[in-house]
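Have a look at the structure below before the remarks.
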Amino acid sequence: MSYEDVKTSGKPIPRGLQECIPDYRDIHDVPVPNYTEEEHGTWKLLLENQKVVLPNRACREFVDGLDQIPFPKEQIPRLADISDAIEAHTGWKLMRVDGLVPDKEFFHLLAERIFPSTDFIRERSELGYTPSPDMFHDLLGHVPLLIDKRFTAFFEKFGIAGVNAFKRGHAGTKMLPRIYWYTVEFGLIQNPAGLRIYGAGIVSSPNEVLYALSEQPKKHTFNIDTIAAKPYDIWHMQEELFVIPSFDELENEFERWAKKEGLL
Ligand SMILES: [Fe+2]
């Protein structure tokens, strides 16, 4: 893969961050891949398609966020530009990563208000769904809620609880990824206008969007103790989904659970 020149930020990296994420680099200092025309076209197709299926299906908070993020229609965005847009709203930033980040590192990043994003895009044959998250999943799926202050309040606490779970050798290291799966990736929310999607795994996948709100998957009332104990399957469409009443409720319930477990 070839890269564009590095634009250097010159910003010092906080020492705490260097210690927990030794390979952390400011997003402005990371070379941007020279994407092919086909790859830019894949981004365009994915974005056009989701803009058709998401209205009245994605939650109000997600749609508001999507309206405020300057995703280019014709080409793959630069992570640094998207990171700057997020930072202006909530102070959160992006870090470029190769792929899935180990849980321990991932929790540290969230606790530092940093979200890891890949910079490669899926193959054309995987327009409907890709099990290994690409930048379309990371950006379109996750970024709109990263500019919602109520969601990021929950997300930061989630990261801190994860850091504490690893420090203490607590079973939360297994429970938190399940909570993440049934909320951040595959969560539904009851908006005043009706049942809506907020999970990134659903909103970034044309197939999952239509399926999630169909009669097929079972919809359960949100219960954090249930999801903390519930294994998940990354290879198939989700058969069971959990509905939160609001992001305030998600944060409150998470905080209550994490305190009970001694993680906050
Ligand atoms: Fe994700």
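Naming works like this for the structure tokens: A, B, ... for the chains as they're shown, residue 1 at the start of each chain, ligands 1 onward in shown order.
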For Lys259 (chain A), list every protein, DNA or RNA residue within 12 Å, evaluated using only C-alpha atoms, and leave out those in the same chain fewer than 2 positions away; present the list as a PDB file with C-alpha atoms, in the first residue's frame.
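Generated output (out_3.pdb):
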```
ATOM      1  CA  LYS A 157     -17.226   5.376  31.960  1.00  0.00           C
ATOM      2  CA  PHE A 158     -17.319   2.109  30.035  1.00  0.00           C
ATOM      3  CA  ILE A 160     -12.671   3.397  32.791  1.00  0.00           C
ATOM      4  CA  ALA A 161     -14.566   0.346  34.086  1.00  0.00           C
ATOM      5  CA  ASN A 164     -10.210  -1.176  36.299  1.00  0.00           C
ATOM      6  CA  ALA A 165     -11.435  -4.679  35.432  1.00  0.00           C
ATOM      7  CA  GLY A 172     -15.692  -7.598  34.006  1.00  0.00           C
ATOM      8  CA  ASN A 252     -27.311   5.347  34.704  1.00  0.00           C
ATOM      9  CA  GLU A 253     -27.776   1.600  34.497  1.00  0.00           C
ATOM     10  CA  PHE A 254     -24.169   1.087  33.433  1.00  0.00           C
ATOM     11  CA  GLU A 255     -22.902   3.217  36.296  1.00  0.00           C
ATOM     12  CA  ARG A 256     -25.101   1.359  38.788  1.00  0.00           C
ATOM     13  CA  TRP A 257     -23.837  -1.993  37.497  1.00  0.00           C
ATOM     14  CA  GLU A 261     -19.124  -4.709  40.564  1.00  0.00           C
ATOM     15  CA  GLY A 262     -16.538  -2.364  42.094  1.00  0.00           C
ATOM     16  CA  LEU A 263     -15.362  -1.161  38.662  1.00  0.00           C
ATOM     17  CA  LEU A 264     -16.189   2.543  39.084  1.00  0.00           C
TER      18      LEU A 264
END
```
Within 8 Å of ligand 1, counting only C-alpha atoms and all ligand atoms, residues as a list in words |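 Using only C-alpha atoms and all ligand atoms, I find these residues within 8 Å of ligand 1: Pro133, His137, Asp138, Gly141, His142, Val184, Glu185, Ala200 and Gly201 of chain A.
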Please produce an output containing C-alpha atoms for each residue in the selection, written as a short mmCIF file (atom, residue, chain, number, x, y, z; two decimals), in the first residue's frame.
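In the end it all went to out_39.cif:
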```cif
data_model
loop_
_atom_site.label_atom_id
_atom_site.label_comp_id
_atom_site.auth_asym_id
_atom_site.auth_seq_id
_atom_site.Cartn_x
_atom_site.Cartn_y
_atom_site.Cartn_z
CA PRO A 133 -14.83 -4.00 10.79
CA HIS A 137 -18.15 0.54 9.94
CA ASP A 138 -15.82 2.51 12.22
CA GLY A 141 -21.24 3.27 12.44
CA HIS A 142 -19.54 4.85 15.44
CA VAL A 184 -22.72 -0.08 21.22
CA GLU A 185 -22.71 -2.60 18.34
CA ALA A 200 -22.88 0.59 14.97
CA GLY A 201 -22.93 -3.01 13.73
#
```
re CA of Asp134 (chain A) and CA of Leu79 (chain A): distance 12.6 Å
Hey, what does DSSP flag as strand (DSSP E or B) within region 27-255 of chain A? Can you give it to me as a list in words?
->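 Here is the list: Pro33, Ala58, Lys93, Leu94, Met95, Arg96, Ile114, Phe115, Pro116, Ser117, Leu188, Ile189, Gln190, Asn191, Gly194, Leu195, Arg196, Ile197, Lys218, Lys219, His220, Thr221, Glu240, Leu241, Phe242, Val243 and Ile244 of chain A.
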Can you spit out the residues from that selection as a tab-separated table (two decimals), in the first residue's frame, using N, CA, C and O atoms?
```
chain	number	residue	atom	x	y	z
A	33	PRO	N	-3.57	6.37	3.33
A	33	PRO	CA	-3.38	5.47	2.18
A	33	PRO	C	-3.82	6.15	0.88
A	33	PRO	O	-4.73	6.97	0.88
A	58	ALA	N	-32.70	4.69	11.97
A	58	ALA	CA	-31.67	5.04	12.96
A	58	ALA	C	-32.29	6.03	13.95
A	58	ALA	O	-33.21	6.77	13.61
A	93	LYS	N	-11.35	11.88	20.11
A	93	LYS	CA	-10.48	11.86	18.92
A	93	LYS	C	-10.46	10.45	18.35
A	93	LYS	O	-10.80	9.49	19.03
A	94	LEU	N	-9.95	10.34	17.13
A	94	LEU	CA	-9.72	9.03	16.52
A	94	LEU	C	-8.24	8.68	16.59
A	94	LEU	O	-7.38	9.56	16.56
A	95	MET	N	-7.96	7.38	16.67
A	95	MET	CA	-6.60	6.87	16.49
A	95	MET	C	-6.68	5.85	15.35
A	95	MET	O	-7.62	5.07	15.28
A	96	ARG	N	-5.69	5.86	14.47
A	96	ARG	CA	-5.69	4.89	13.38
A	96	ARG	C	-5.12	3.56	13.87
A	96	ARG	O	-4.06	3.53	14.50
A	114	ILE	N	-10.57	8.30	23.26
A	114	ILE	CA	-10.04	8.07	21.91
A	114	ILE	C	-10.73	6.84	21.34
A	114	ILE	O	-10.84	5.81	22.02
A	115	PHE	N	-11.21	6.95	20.10
A	115	PHE	CA	-11.84	5.79	19.47
A	115	PHE	C	-10.94	5.29	18.34
A	115	PHE	O	-10.51	6.08	17.49
A	116	PRO	N	-10.62	3.98	18.33
A	116	PRO	CA	-9.75	3.45	17.27
A	116	PRO	C	-10.52	3.22	15.97
A	116	PRO	O	-11.62	2.66	16.00
A	117	SER	N	-9.92	3.63	14.86
A	117	SER	CA	-10.55	3.41	13.56
A	117	SER	C	-9.54	2.82	12.59
A	117	SER	O	-8.37	3.22	12.59
A	188	LEU	N	-30.72	-1.30	20.27
A	188	LEU	CA	-31.91	-0.58	19.80
A	188	LEU	C	-32.34	0.38	20.90
A	188	LEU	O	-32.04	0.16	22.07
A	189	ILE	N	-33.06	1.43	20.52
A	189	ILE	CA	-33.51	2.44	21.49
A	189	ILE	C	-34.97	2.80	21.19
A	189	ILE	O	-35.38	2.82	20.01
A	190	GLN	N	-35.71	3.06	22.27
A	190	GLN	CA	-37.11	3.47	22.09
A	190	GLN	C	-37.13	5.00	22.02
A	190	GLN	O	-37.08	5.66	23.04
A	191	ASN	N	-37.18	5.54	20.82
A	191	ASN	CA	-37.31	7.00	20.64
A	191	ASN	C	-38.80	7.35	20.77
A	191	ASN	O	-39.65	6.48	20.57
A	194	GLY	N	-40.70	6.02	17.94
A	194	GLY	CA	-40.79	4.58	17.72
A	194	GLY	C	-39.47	3.88	18.00
A	194	GLY	O	-38.50	4.49	18.45
A	195	LEU	N	-39.44	2.58	17.70
A	195	LEU	CA	-38.24	1.77	17.91
A	195	LEU	C	-37.19	2.14	16.86
A	195	LEU	O	-37.50	2.16	15.66
A	196	ARG	N	-35.98	2.42	17.31
A	196	ARG	CA	-34.93	2.86	16.40
A	196	ARG	C	-33.63	2.13	16.71
A	196	ARG	O	-33.45	1.57	17.79
A	197	ILE	N	-32.69	2.22	15.76
A	197	ILE	CA	-31.37	1.59	15.88
A	197	ILE	C	-30.34	2.61	16.34
A	197	ILE	O	-30.36	3.75	15.88
A	218	LYS	N	-35.72	-11.37	18.21
A	218	LYS	CA	-36.50	-11.11	19.43
A	218	LYS	C	-36.00	-9.82	20.05
A	218	LYS	O	-34.78	-9.62	20.15
A	219	LYS	N	-36.91	-8.96	20.49
A	219	LYS	CA	-36.52	-7.69	21.12
A	219	LYS	C	-36.80	-7.80	22.62
A	219	LYS	O	-37.93	-8.06	23.01
A	220	HIS	N	-35.76	-7.60	23.40
A	220	HIS	CA	-35.92	-7.69	24.85
A	220	HIS	C	-35.77	-6.31	25.48
A	220	HIS	O	-35.03	-5.46	24.99
A	221	THR	N	-36.44	-6.15	26.63
A	221	THR	CA	-36.23	-4.96	27.43
A	221	THR	C	-34.79	-4.99	27.94
A	221	THR	O	-34.30	-6.05	28.34
A	240	GLU	N	-31.22	-12.00	18.94
A	240	GLU	CA	-31.82	-11.33	20.10
A	240	GLU	C	-31.21	-9.93	20.24
A	240	GLU	O	-29.99	-9.78	20.19
A	241	LEU	N	-32.08	-8.95	20.41
A	241	LEU	CA	-31.62	-7.57	20.54
A	241	LEU	C	-32.22	-6.96	21.80
A	241	LEU	O	-33.28	-7.41	22.27
A	242	PHE	N	-31.56	-5.94	22.34
A	242	PHE	CA	-32.00	-5.32	23.60
A	242	PHE	C	-32.29	-3.84	23.38
A	242	PHE	O	-31.50	-3.13	22.75
A	243	VAL	N	-33.42	-3.39	23.94
A	243	VAL	CA	-33.91	-2.03	23.67
A	243	VAL	C	-33.71	-1.15	24.91
A	243	VAL	O	-34.29	-1.42	25.97
A	244	ILE	N	-32.90	-0.09	24.77
A	244	ILE	CA	-32.75	0.85	25.90
A	244	ILE	C	-33.85	1.92	25.79
A	244	ILE	O	-34.26	2.28	24.68
```
DSSP-assigned alpha helix (DSSP H) among region 45-247 of chain A, expressed as an MDAnalysis selection string = chainID A and resid 45:53 60:68 79:90 103:111 135:136 143:146 149:168 172:180 200:203 206:212 224:228 247
Could you give me, as a list of chain:residue names, the residues within 12 Å of His236 (chain A), counting only C-alpha atoms and dropping anything in the same chain fewer than 5 positions from it?
-> A:Tyr129, A:Thr130, A:Pro131, A:Gly201, A:Asn207, A:Glu208, A:Tyr211, A:Pro217
Could you check which of A:Ile86, A:Leu54, A:Val163, A:Val97 is closest to Glu112 (chain A), using only C-alpha atoms?
->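 Of all the options, A:Val163 lies closest to Glu112 (chain A).
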